[in-house]
file model31.cif (mmCIF, C-alpha atoms and all ligand atoms)
data_coords
loop_
_atom_site.label_atom_id
_atom_site.label_comp_id
_atom_site.auth_asym_id
_atom_site.auth_seq_id
_atom_site.Cartn_x
_atom_site.Cartn_y
_atom_site.Cartn_z
CA MET A 129 -103.04 -16.74 62.76
CA THR A 130 -102.47 -17.83 66.35
CA ASP A 131 -103.71 -16.38 69.60
CA LYS A 132 -100.91 -14.22 71.14
CA THR A 133 -101.17 -15.84 74.59
CA THR A 134 -102.32 -19.43 73.96
CA LYS A 135 -100.49 -19.76 70.58
CA GLU A 136 -103.62 -21.68 69.50
CA PRO A 137 -105.07 -21.02 66.03
CA VAL A 138 -107.82 -18.38 66.13
CA LEU A 139 -111.11 -20.01 65.11
CA ILE A 140 -114.21 -18.06 64.07
CA ASP A 141 -116.05 -18.68 67.35
CA MET A 142 -113.08 -17.31 69.32
CA TRP A 143 -112.89 -14.27 67.03
CA LEU A 144 -116.65 -13.66 67.36
CA ALA A 145 -116.49 -14.03 71.16
CA ALA A 146 -113.76 -11.38 71.29
CA GLN A 147 -115.78 -9.08 68.98
CA THR A 148 -118.86 -9.51 71.19
CA ALA A 149 -116.88 -9.07 74.43
CA SER A 150 -115.47 -5.76 73.16
CA ALA A 151 -118.98 -4.72 72.02
CA GLN A 152 -117.95 -4.44 68.37
CA ILE A 153 -120.99 -6.60 67.56
CA THR A 154 -124.09 -7.79 69.41
CA LEU A 155 -124.64 -11.40 70.45
CA SER A 156 -127.37 -11.70 67.79
CA CYS A 157 -124.89 -10.54 65.13
CA ALA A 158 -122.35 -13.11 66.34
CA LYS A 159 -125.02 -15.85 66.18
CA THR A 160 -125.96 -14.71 62.67
CA ILE A 161 -122.35 -14.97 61.47
CA THR A 162 -121.99 -18.38 63.15
CA GLY A 163 -125.13 -19.52 61.29
CA LEU A 164 -123.75 -18.13 58.03
CA CYS A 165 -120.49 -20.07 58.55
CA HIS A 166 -122.43 -23.34 58.96
CA ALA A 167 -124.56 -22.55 55.90
CA ALA A 168 -121.43 -21.64 53.89
CA ALA A 169 -119.73 -24.93 54.77
CA GLY A 170 -122.85 -26.67 53.47
CA ILE A 171 -122.95 -24.59 50.26
CA ALA A 172 -119.24 -25.26 49.67
CA ALA A 173 -119.87 -29.01 50.03
CA LEU A 174 -122.79 -28.86 47.56
CA ALA A 175 -120.76 -26.83 45.06
CA ALA A 176 -117.81 -29.23 45.38
CA GLU A 177 -119.88 -32.41 44.76
CA ASN A 178 -118.97 -34.48 41.67
CA GLY A 179 -119.56 -33.04 38.20
CA ILE A 180 -122.92 -34.78 37.78
CA ALA A 181 -124.35 -33.02 40.83
CA GLN A 182 -122.70 -29.75 39.77
CA ALA A 183 -124.40 -29.86 36.38
CA GLN A 184 -127.70 -30.38 38.18
CA LEU A 185 -126.85 -27.62 40.68
CA GLY A 186 -125.94 -25.34 37.80
CA GLY A 187 -129.15 -26.31 36.07
CA LEU A 188 -132.01 -23.85 35.74
CA THR A 189 -135.03 -24.26 37.97
CA GLY A 190 -137.33 -22.66 35.42
CA THR A 191 -138.07 -19.84 37.90
CA HIS A 192 -136.83 -16.24 37.98
CA ASN A 193 -135.94 -14.03 40.93
CA GLU A 194 -137.36 -10.54 41.44
CA ASP A 195 -134.45 -9.05 39.49
CA GLY A 196 -135.39 -11.20 36.51
CA ASP A 197 -132.41 -13.57 36.79
CA GLN A 198 -133.04 -17.22 35.96
CA GLN A 199 -132.60 -19.14 39.24
CA LYS A 200 -130.13 -22.01 39.34
CA ALA A 201 -130.77 -24.96 41.66
CA LEU A 202 -127.82 -23.94 43.86
CA ASP A 203 -129.12 -20.33 44.11
CA VAL A 204 -132.33 -21.64 45.68
CA LEU A 205 -130.62 -24.31 47.81
CA ALA A 206 -128.12 -21.77 49.16
CA ASP A 207 -130.93 -19.37 50.01
CA GLU A 208 -132.90 -22.06 51.85
CA LEU A 209 -129.81 -23.27 53.73
CA ILE A 210 -129.10 -19.74 54.97
CA ALA A 211 -132.73 -19.18 56.01
CA GLN A 212 -132.66 -22.45 58.00
CA HIS A 213 -129.47 -21.42 59.82
CA MET A 214 -130.98 -18.04 60.75
CA ARG A 215 -133.53 -19.65 63.07
CA GLY A 216 -132.65 -18.85 66.68
CA THR A 217 -130.16 -16.10 65.81
CA GLY A 218 -132.61 -13.42 66.92
CA ILE A 219 -132.58 -11.45 63.68
CA TYR A 220 -135.76 -9.57 62.77
CA ALA A 221 -135.67 -10.31 59.02
CA TYR A 222 -133.76 -12.13 56.30
CA LEU A 223 -133.55 -10.39 52.89
CA SER A 224 -132.25 -12.25 49.85
CA GLU A 225 -131.55 -11.82 46.13
CA GLU A 226 -133.70 -14.93 45.68
CA ARG A 227 -136.77 -13.59 47.55
CA ASP A 228 -139.28 -10.88 46.62
CA GLY A 229 -139.35 -9.39 50.14
CA PRO A 230 -138.24 -9.80 53.79
CA LEU A 231 -138.65 -13.15 55.58
CA ILE A 232 -139.63 -12.09 59.10
CA MET A 233 -137.81 -14.31 61.63
CA ASP A 234 -138.11 -12.83 65.19
CA GLU A 235 -140.60 -9.98 65.74
CA GLY A 236 -138.44 -8.71 68.59
CA GLY A 237 -135.18 -8.90 66.66
CA ALA A 238 -132.96 -5.83 66.21
CA LEU A 239 -130.99 -6.83 63.11
CA VAL A 240 -131.55 -7.52 59.41
CA LEU A 241 -129.45 -9.94 57.35
CA ALA A 242 -129.29 -9.24 53.60
CA CYS A 243 -127.66 -11.86 51.38
CA ASP A 244 -126.66 -12.75 47.90
CA PRO A 245 -126.85 -16.48 48.70
CA LEU A 246 -124.90 -17.45 45.63
CA ASP A 247 -122.91 -14.87 43.70
CA GLY A 248 -121.50 -15.76 40.29
CA SER A 249 -124.23 -18.31 39.52
CA SER A 250 -123.32 -18.37 35.83
CA ASN A 251 -120.08 -20.06 36.90
CA ILE A 252 -121.56 -22.94 38.92
CA ASP A 253 -121.05 -25.60 36.20
CA THR A 254 -117.75 -24.12 34.99
CA ASN A 255 -115.97 -24.88 38.30
CA LEU A 256 -114.97 -21.24 38.89
CA THR A 257 -114.98 -19.49 42.26
CA ILE A 258 -118.48 -18.46 43.40
CA GLY A 259 -119.58 -17.14 46.76
CA THR A 260 -122.08 -15.88 49.33
CA ILE A 261 -122.22 -12.15 50.19
CA PHE A 262 -123.81 -10.88 53.44
CA SER A 263 -124.66 -7.62 55.19
CA VAL A 264 -125.92 -7.22 58.79
CA TYR A 265 -127.48 -3.91 59.88
CA PRO A 266 -130.04 -2.53 62.36
CA ALA A 267 -133.75 -3.21 61.72
CA ASP A 268 -134.55 0.47 62.13
CA SER A 269 -137.03 1.00 59.28
CA ALA A 270 -140.34 -0.48 58.12
CA ASP A 271 -138.84 -1.44 54.75
CA CYS A 272 -135.92 -3.24 56.47
CA LEU A 273 -133.51 -1.13 54.38
CA ALA A 274 -130.67 1.17 55.54
CA THR A 275 -127.60 2.94 54.18
CA GLY A 276 -124.40 0.93 54.02
CA ARG A 277 -122.88 3.17 56.70
CA SER A 278 -125.16 1.53 59.29
CA GLN A 279 -123.82 -2.00 58.70
CA GLN A 280 -122.72 -3.76 61.90
CA ALA A 281 -120.96 -6.54 59.94
CA ALA A 282 -120.46 -7.54 56.31
CA GLY A 283 -118.40 -9.92 54.23
CA PHE A 284 -118.35 -12.72 51.72
CA PHE A 285 -117.53 -16.42 51.53
CA ALA A 286 -115.54 -17.54 48.47
CA TYR A 287 -116.00 -21.16 47.31
CA GLY A 288 -112.82 -21.77 45.35
CA PRO A 289 -109.59 -23.75 45.83
CA GLN A 290 -109.97 -22.52 49.41
CA THR A 291 -113.31 -21.94 51.10
CA ALA A 292 -112.51 -18.51 52.53
CA LEU A 293 -114.30 -15.75 54.42
CA LEU A 294 -113.49 -12.03 54.43
CA ILE A 295 -115.39 -10.20 57.16
CA THR A 296 -115.48 -6.76 58.77
CA THR A 297 -117.25 -5.40 61.85
CA GLY A 298 -115.93 -1.89 61.25
CA HIS A 299 -112.44 -2.43 62.66
CA GLY A 300 -110.47 -3.64 59.65
CA VAL A 301 -110.98 -6.82 57.61
CA ALA A 302 -110.27 -10.34 58.91
CA ALA A 303 -109.63 -13.35 56.66
CA PHE A 304 -110.56 -16.95 57.48
CA CYS A 305 -110.18 -20.25 55.67
CA LEU A 306 -112.14 -23.49 56.23
CA ASN A 307 -109.63 -25.89 57.86
CA ASP A 308 -109.46 -29.69 57.52
CA ARG A 309 -111.88 -30.03 60.44
CA GLY A 310 -114.50 -27.93 58.68
CA VAL A 311 -113.99 -24.88 60.92
CA PHE A 312 -113.15 -21.34 59.76
CA GLN A 313 -109.63 -20.56 61.00
CA GLN A 314 -108.12 -17.06 60.84
CA MET A 315 -105.48 -16.59 58.15
CA ASP A 316 -102.23 -14.74 58.82
CA TRP A 317 -103.20 -11.98 56.36
CA GLN A 318 -103.48 -8.27 57.22
CA VAL A 319 -106.11 -7.45 54.59
CA GLN A 320 -105.17 -4.15 52.94
CA ILE A 321 -105.92 -3.13 49.33
CA PRO A 322 -102.81 -1.44 47.81
CA ALA A 323 -103.61 2.18 46.90
CA GLU A 324 -102.17 1.86 43.38
CA THR A 325 -102.81 -0.86 40.82
CA GLY A 326 -102.01 -1.99 37.30
CA GLU A 327 -105.04 -4.30 36.96
CA PHE A 328 -108.65 -3.55 36.07
CA ALA A 329 -111.81 -5.67 35.90
CA ILE A 330 -114.68 -4.79 33.58
CA ASN A 331 -116.83 -6.80 31.14
CA ALA A 332 -115.33 -5.40 27.92
CA ALA A 333 -118.04 -7.15 25.85
CA ASN A 334 -120.34 -4.32 26.95
CA SER A 335 -118.02 -1.56 25.66
CA ARG A 336 -120.45 -0.41 22.92
CA TYR A 337 -123.02 0.33 25.65
CA TRP A 338 -120.71 2.41 27.88
CA SER A 339 -120.87 6.20 28.32
CA PRO A 340 -118.15 8.18 26.49
CA ALA A 341 -116.52 8.91 29.89
CA VAL A 342 -116.23 5.20 30.77
CA SER A 343 -114.97 4.38 27.27
CA ASN A 344 -112.37 7.14 27.49
CA TYR A 345 -111.16 5.97 30.92
CA ILE A 346 -110.80 2.35 29.75
CA ASP A 347 -109.11 3.45 26.50
CA GLN A 348 -106.46 5.23 28.58
CA LEU A 349 -105.78 2.00 30.49
CA LEU A 350 -105.61 0.03 27.22
CA ALA A 351 -103.18 2.59 25.73
CA GLY A 352 -100.71 1.44 28.37
CA LYS A 353 -97.22 2.97 28.61
CA ASP A 354 -97.64 4.75 25.25
CA GLY A 355 -100.76 6.52 26.48
CA PRO A 356 -101.55 9.20 29.07
CA ARG A 357 -101.19 6.77 31.99
CA ALA A 358 -97.58 5.97 30.91
CA ARG A 359 -97.85 2.42 32.29
CA ASN A 360 -99.24 -0.91 31.14
CA PHE A 361 -102.38 -2.39 32.67
CA ASN A 362 -103.62 -5.98 32.87
CA MET A 363 -107.29 -7.04 32.72
CA ARG A 364 -109.23 -9.76 34.54
CA TRP A 365 -113.01 -10.49 34.42
CA ASN A 366 -114.51 -13.56 36.16
CA GLY A 367 -118.23 -12.89 35.87
CA SER A 368 -118.20 -13.57 39.62
CA LEU A 369 -118.06 -10.48 41.87
CA VAL A 370 -116.72 -12.56 44.77
CA ALA A 371 -113.86 -13.98 42.65
CA ASP A 372 -112.88 -10.54 41.32
CA ALA A 373 -113.23 -9.00 44.79
CA PHE A 374 -111.07 -11.65 46.50
CA ARG A 375 -108.28 -11.00 43.96
CA ILE A 376 -108.54 -7.23 44.53
CA PHE A 377 -108.33 -7.65 48.33
CA ARG A 378 -105.30 -9.89 47.78
CA ARG A 379 -103.27 -7.81 45.28
CA GLY A 380 -105.19 -4.62 44.50
CA GLY A 381 -107.09 -3.65 41.37
CA ILE A 382 -110.12 -1.68 40.23
CA PHE A 383 -113.51 -3.32 39.48
CA LEU A 384 -116.06 -1.48 37.37
CA TYR A 385 -119.65 -2.39 36.56
CA PRO A 386 -120.92 1.00 35.36
CA GLN A 387 -124.38 1.92 34.10
CA ASP A 388 -124.77 1.30 30.37
CA SER A 389 -127.29 1.93 27.59
CA ARG A 390 -128.93 -1.50 27.69
CA ARG A 391 -132.54 -1.56 28.95
CA GLY A 392 -132.43 -2.50 32.64
CA TYR A 393 -128.76 -1.54 32.98
CA GLU A 394 -129.38 2.19 33.52
CA GLN A 395 -128.00 1.60 37.03
CA GLY A 396 -125.56 -1.16 36.09
CA ARG A 397 -125.99 -4.80 37.04
CA LEU A 398 -125.07 -5.17 40.71
CA ARG A 399 -127.52 -4.75 43.57
CA LEU A 400 -126.93 -2.13 46.27
CA VAL A 401 -128.31 -3.90 49.35
CA TYR A 402 -126.67 -7.34 49.13
CA GLU A 403 -123.73 -6.87 46.74
CA ALA A 404 -122.43 -3.29 46.61
CA ASN A 405 -122.97 -2.34 50.28
CA PRO A 406 -121.13 -5.31 51.85
CA ILE A 407 -118.30 -5.11 49.29
CA ALA A 408 -118.04 -1.34 49.86
CA PHE A 409 -117.87 -1.76 53.67
CA LEU A 410 -115.06 -4.32 53.27
CA ALA A 411 -113.25 -2.16 50.68
CA GLU A 412 -113.24 0.99 52.85
CA GLN A 413 -112.18 -1.06 55.90
CA ALA A 414 -109.25 -2.42 53.86
CA GLY A 415 -108.09 1.08 52.85
CA GLY A 416 -109.86 1.01 49.47
CA ARG A 417 -112.73 2.97 47.97
CA ALA A 418 -116.19 2.12 46.60
CA THR A 419 -118.29 4.59 44.62
CA ASP A 420 -121.15 4.72 42.13
CA GLY A 421 -119.04 7.21 40.18
CA THR A 422 -120.44 10.26 41.98
CA GLN A 423 -120.71 9.35 45.70
CA PRO A 424 -119.51 6.68 48.14
CA ILE A 425 -121.66 3.55 47.89
CA LEU A 426 -122.09 3.52 51.68
CA ASP A 427 -123.86 6.91 51.62
CA ILE A 428 -126.65 5.79 49.26
CA ARG A 429 -130.02 5.15 50.99
CA PRO A 430 -131.66 2.10 49.30
CA LEU A 431 -135.29 2.63 48.22
CA THR A 432 -136.00 -0.96 47.17
CA LEU A 433 -134.45 -4.35 48.01
CA HIS A 434 -133.27 -5.24 44.51
CA GLN A 435 -132.27 -1.80 43.25
CA ARG A 436 -129.14 -1.76 41.15
CA VAL A 437 -126.23 0.64 41.45
CA PRO A 438 -123.16 1.35 39.33
CA LEU A 439 -120.20 -0.12 41.27
CA ILE A 440 -116.56 0.93 41.07
CA PHE A 441 -114.34 -0.30 43.91
CA GLY A 442 -110.78 -1.29 44.77
CA SER A 443 -107.43 0.50 45.02
CA ALA A 444 -108.07 3.97 46.45
CA ASP A 445 -105.85 6.02 44.10
CA GLU A 446 -107.17 4.29 40.97
CA VAL A 447 -110.83 4.54 42.05
CA ASP A 448 -110.28 8.27 42.70
CA THR A 449 -108.69 8.63 39.23
CA ALA A 450 -111.59 6.80 37.57
CA ALA A 451 -114.27 8.70 39.52
CA SER A 452 -112.65 12.03 38.56
CA GLN A 453 -113.18 11.14 34.90
CA LEU A 454 -116.69 9.61 35.04
P1 LIG B 501 -125.34 -13.22 40.67
O1 LIG B 501 -124.80 -14.55 40.19
O2 LIG B 501 -125.54 -13.17 42.17
O3 LIG B 501 -126.56 -12.78 39.91
O4 LIG B 501 -124.23 -12.11 40.42
C1 LIG B 501 -123.64 -12.04 39.18
C2 LIG B 501 -123.01 -10.70 39.07
C3 LIG B 501 -121.61 -10.63 39.65
O5 LIG B 501 -121.22 -11.77 40.34
C4 LIG B 501 -120.71 -10.44 38.47
O6 LIG B 501 -119.70 -9.50 38.73
C5 LIG B 501 -121.66 -9.92 37.40
O7 LIG B 501 -122.93 -10.43 37.70
C6 LIG B 501 -121.27 -10.40 36.05
O8 LIG B 501 -122.13 -9.73 35.16
P2 LIG B 501 -122.00 -10.04 33.58
O9 LIG B 501 -122.45 -11.46 33.42
O10 LIG B 501 -122.93 -9.04 32.94
O11 LIG B 501 -120.56 -9.83 33.21
MN MN B 502 -124.32 -11.62 42.85
MN MN B 503 -126.73 -14.41 43.37
#
call {"tool": "encode", "arguments": {"input": "model31.cif", "output": "structure tokens"}}
result
Amino acid sequence: MTDKTTKEPVLIDMWLAAQTASAQITLSCAKTITGLCHAAAGIAALAAENGIAQAQLGGLTGTHNEDGDQQKALDVLADELIAQHMRGTGIYAYLSEERDGPLIMDEGGALVLACDPLDGSSNIDTNLTIGTIFSVYPADSADCLATGRSQQAAGFFAYGPQTALLITTGHGVAAFCLNDRGVFQQMDWQVQIPAETGEFAINAANSRYWSPAVSNYIDQLLAGKDGPRARNFNMRWNGSLVADAFRIFRRGGIFLYPQDSRRGYEQGRLRLVYEANPIAFLAEQAGGRATDGTQPILDIRPLTLHQRVPLIFGSADEVDTAASQL
């Protein structure tokens, strides 16, 4: 995308300056996003190193995060890189999937950054798209938590064939790609999720654990044109929320990670604060929907940093159809 007057490509710092000038975001928020872009370029470089390094980066550290996930080397490195780049941004606290609680940065800060430093960790050594998810919101409560509606900015970086960024400040979704000079340059892409879709994403290996309502909904999709939906559906599942989300923002689709009967999965697998909330903000800003099956994700007040939530998001009409059956 080029600037209408100068015809110059729009780079992230120009976009952030315009957002700050029009008071869409605060200067501290702009500095936070600039820091995230530098950290993301570093994470992309680490992830893209030769296979030997990747195997090591995909290797287990022997530690577990608060949610019980085994931590990969790149999970921890990504988290530390982000924390380093938050110094001087003026945020009050940094919250992370890889940390038990808030890292207080600037006592006088007004914002909180919550991150999934590396999403899709199980794919690190399989060379599939992984990413970093972020959410910026006011530091208005002692527990540094807030509903998704209060987010000032949110988005995710995708480390794939392109290193891309989808970001929203509440006025639509903008798309950027890391250019050959290592700078995020705005893409000529009006990010809108088509209302209808013929593609769904769910981990079908868990089907024996689903509720009857989820099983019935998926069975209708699988029945295709001979079934009640009278059309065929395709399925994709990456095991990387960022990879599935990027595809849905590109061509539509519905993503489901519902609650299931496994111990620990009573609220699904994905975390509200640093996965569902930022994805839901982006989805709604791109004309899509995001629900836990009963209410919009953005209306849920988090009680703990790592709490899980059932997540269904994507094409508005299909999410409405699914939610009406769940
Ligand atoms: P993370 O790597 O940050 O823990 O996230 C993994 C998440 C998400 O990226 C993906 O959609 C989901 O886990 C896949 O879950 P399953 O492995 O149960 O399919
Ligand atoms: Mn994740
Ligand atoms: Mn993660």
call {"tool": "residues_around", "arguments": {"input": "model31.cif", "residues": "Ile440 of chain A", "least_positions_apart": "4", "cutoff": "6 Å", "atoms": "all atoms listed in the file", "output": "JSON, numbers by chain"}}
result
{"A": [383, 384, 418, 419]}
call {"tool": "residues_around", "arguments": {"input": "model31.cif", "residues": "Asn193 of chain A", "least_positions_apart": "5", "cutoff": "12 Å", "atoms": "only C-alpha atoms", "output": "mmCIF file with C-alpha atoms, in the coordinates of the input"}}
result
data_model
loop_
_atom_site.group_PDB
_atom_site.id
_atom_site.type_symbol
_atom_site.label_atom_id
_atom_site.label_comp_id
_atom_site.auth_asym_id
_atom_site.auth_seq_id
_atom_site.Cartn_x
_atom_site.Cartn_y
_atom_site.Cartn_z
ATOM 1 C CA LEU A 188 -132.010 -23.850 35.740
ATOM 2 C CA GLN A 198 -133.040 -17.220 35.960
ATOM 3 C CA GLN A 199 -132.600 -19.140 39.240
ATOM 4 C CA LYS A 200 -130.130 -22.010 39.340
ATOM 5 C CA ASP A 203 -129.120 -20.330 44.110
ATOM 6 C CA VAL A 204 -132.330 -21.640 45.680
ATOM 7 C CA ASP A 207 -130.930 -19.370 50.010
ATOM 8 C CA SER A 224 -132.250 -12.250 49.850
ATOM 9 C CA GLU A 225 -131.550 -11.820 46.130
ATOM 10 C CA GLU A 226 -133.700 -14.930 45.680
ATOM 11 C CA ARG A 227 -136.770 -13.590 47.550
ATOM 12 C CA ASP A 228 -139.280 -10.880 46.620
ATOM 13 C CA GLY A 229 -139.350 -9.390 50.140
ATOM 14 C CA ASP A 244 -126.660 -12.750 47.900
ATOM 15 C CA HIS A 434 -133.270 -5.240 44.510
#
call {"tool": "atom_distance", "arguments": {"input": "model31.cif", "atom1": "atom CA of Leu241 of chain A", "atom2": "atom CA of Pro424 of chain A"}}
result
21.4 Å
call {"tool": "residues_around", "arguments": {"input": "model31.cif", "residues": "Gly416 of chain A", "least_positions_apart": "4", "cutoff": "6 Å", "atoms": "all atoms listed in the file", "output": "JSON, numbers by chain"}}
result
{"A": [321, 411, 412, 442, 443, 444]}
call {"tool": "write_last_selection", "arguments": {"input": "model31.cif", "atoms": "C-alpha atoms", "output": "short mmCIF file (atom, residue, chain, number, x, y, z; two decimals), keeping the file's coordinate frame"}}
result
data_model
loop_
_atom_site.label_atom_id
_atom_site.label_comp_id
_atom_site.auth_asym_id
_atom_site.auth_seq_id
_atom_site.Cartn_x
_atom_site.Cartn_y
_atom_site.Cartn_z
CA ILE A 321 -105.92 -3.13 49.33
CA ALA A 411 -113.25 -2.16 50.68
CA GLU A 412 -113.24 0.99 52.85
CA GLY A 442 -110.78 -1.29 44.77
CA SER A 443 -107.43 0.50 45.02
CA ALA A 444 -108.07 3.97 46.45
#
call {"tool": "atom_distance", "arguments": {"input": "model31.cif", "atom1": "atom O5 of ligand LIG 501 (chain B)", "atom2": "atom CA of Arg379 of chain A"}}
result
19.0 Å
call {"tool": "residues_near_ligand", "arguments": {"input": "model31.cif", "ligand": "ligand LIG 501 (chain B)", "cutoff": "10 Å", "atoms": "all atoms listed in the file", "output": "NGL selection string"}}
result
:A and (193 or 195-200 or 203 or 225-226 or 243-252 or 258-261 or 329-334 or 365-373 or 383-385 or 393 or 396-399 or 402-403 or 439)
call {"tool": "residues_around", "arguments": {"input": "model31.cif", "residues": "Thr296 of chain A", "least_positions_apart": "5", "cutoff": "12 Å", "atoms": "all atoms listed in the file", "output": "compact mmCIF listing (two decimals) with C-alpha atoms, in the frame of the given file"}}
result
# COMPACT_ATOMS: atom_id res chain seq x y z
CA TRP A 143 -112.89 -14.27 67.03
CA LEU A 144 -116.65 -13.66 67.36
CA GLN A 147 -115.78 -9.08 68.98
CA GLN A 152 -117.95 -4.44 68.37
CA ILE A 153 -120.99 -6.60 67.56
CA CYS A 157 -124.89 -10.54 65.13
CA ILE A 161 -122.35 -14.97 61.47
CA PHE A 262 -123.81 -10.88 53.44
CA SER A 263 -124.66 -7.62 55.19
CA VAL A 264 -125.92 -7.22 58.79
CA GLN A 279 -123.82 -2.00 58.70
CA GLN A 280 -122.72 -3.76 61.90
CA ALA A 281 -120.96 -6.54 59.94
CA ALA A 282 -120.46 -7.54 56.31
CA GLY A 283 -118.40 -9.92 54.23
CA PHE A 284 -118.35 -12.72 51.72
CA VAL A 301 -110.98 -6.82 57.61
CA ALA A 302 -110.27 -10.34 58.91
CA ALA A 303 -109.63 -13.35 56.66
CA PHE A 304 -110.56 -16.95 57.48
CA VAL A 319 -106.11 -7.45 54.59
CA PRO A 406 -121.13 -5.31 51.85
CA ILE A 407 -118.30 -5.11 49.29
CA ALA A 408 -118.04 -1.34 49.86
CA PHE A 409 -117.87 -1.76 53.67
CA LEU A 410 -115.06 -4.32 53.27
CA ALA A 411 -113.25 -2.16 50.68
CA GLU A 412 -113.24 0.99 52.85
CA GLN A 413 -112.18 -1.06 55.90
CA ALA A 414 -109.25 -2.42 53.86
call {"tool": "atom_distance", "arguments": {"input": "model31.cif", "atom1": "atom CA of Tyr265 of chain A", "atom2": "atom CA of Thr162 of chain A"}}
result
15.8 Å
call {"tool": "residues_around", "arguments": {"input": "model31.cif", "residues": "Leu400 of chain A", "least_positions_apart": "6", "cutoff": "8 Å", "atoms": "all atoms listed in the file", "output": "list in words"}}
result
Ile425, Pro430, His434, Gln435, Arg436 and Val437 of chain A
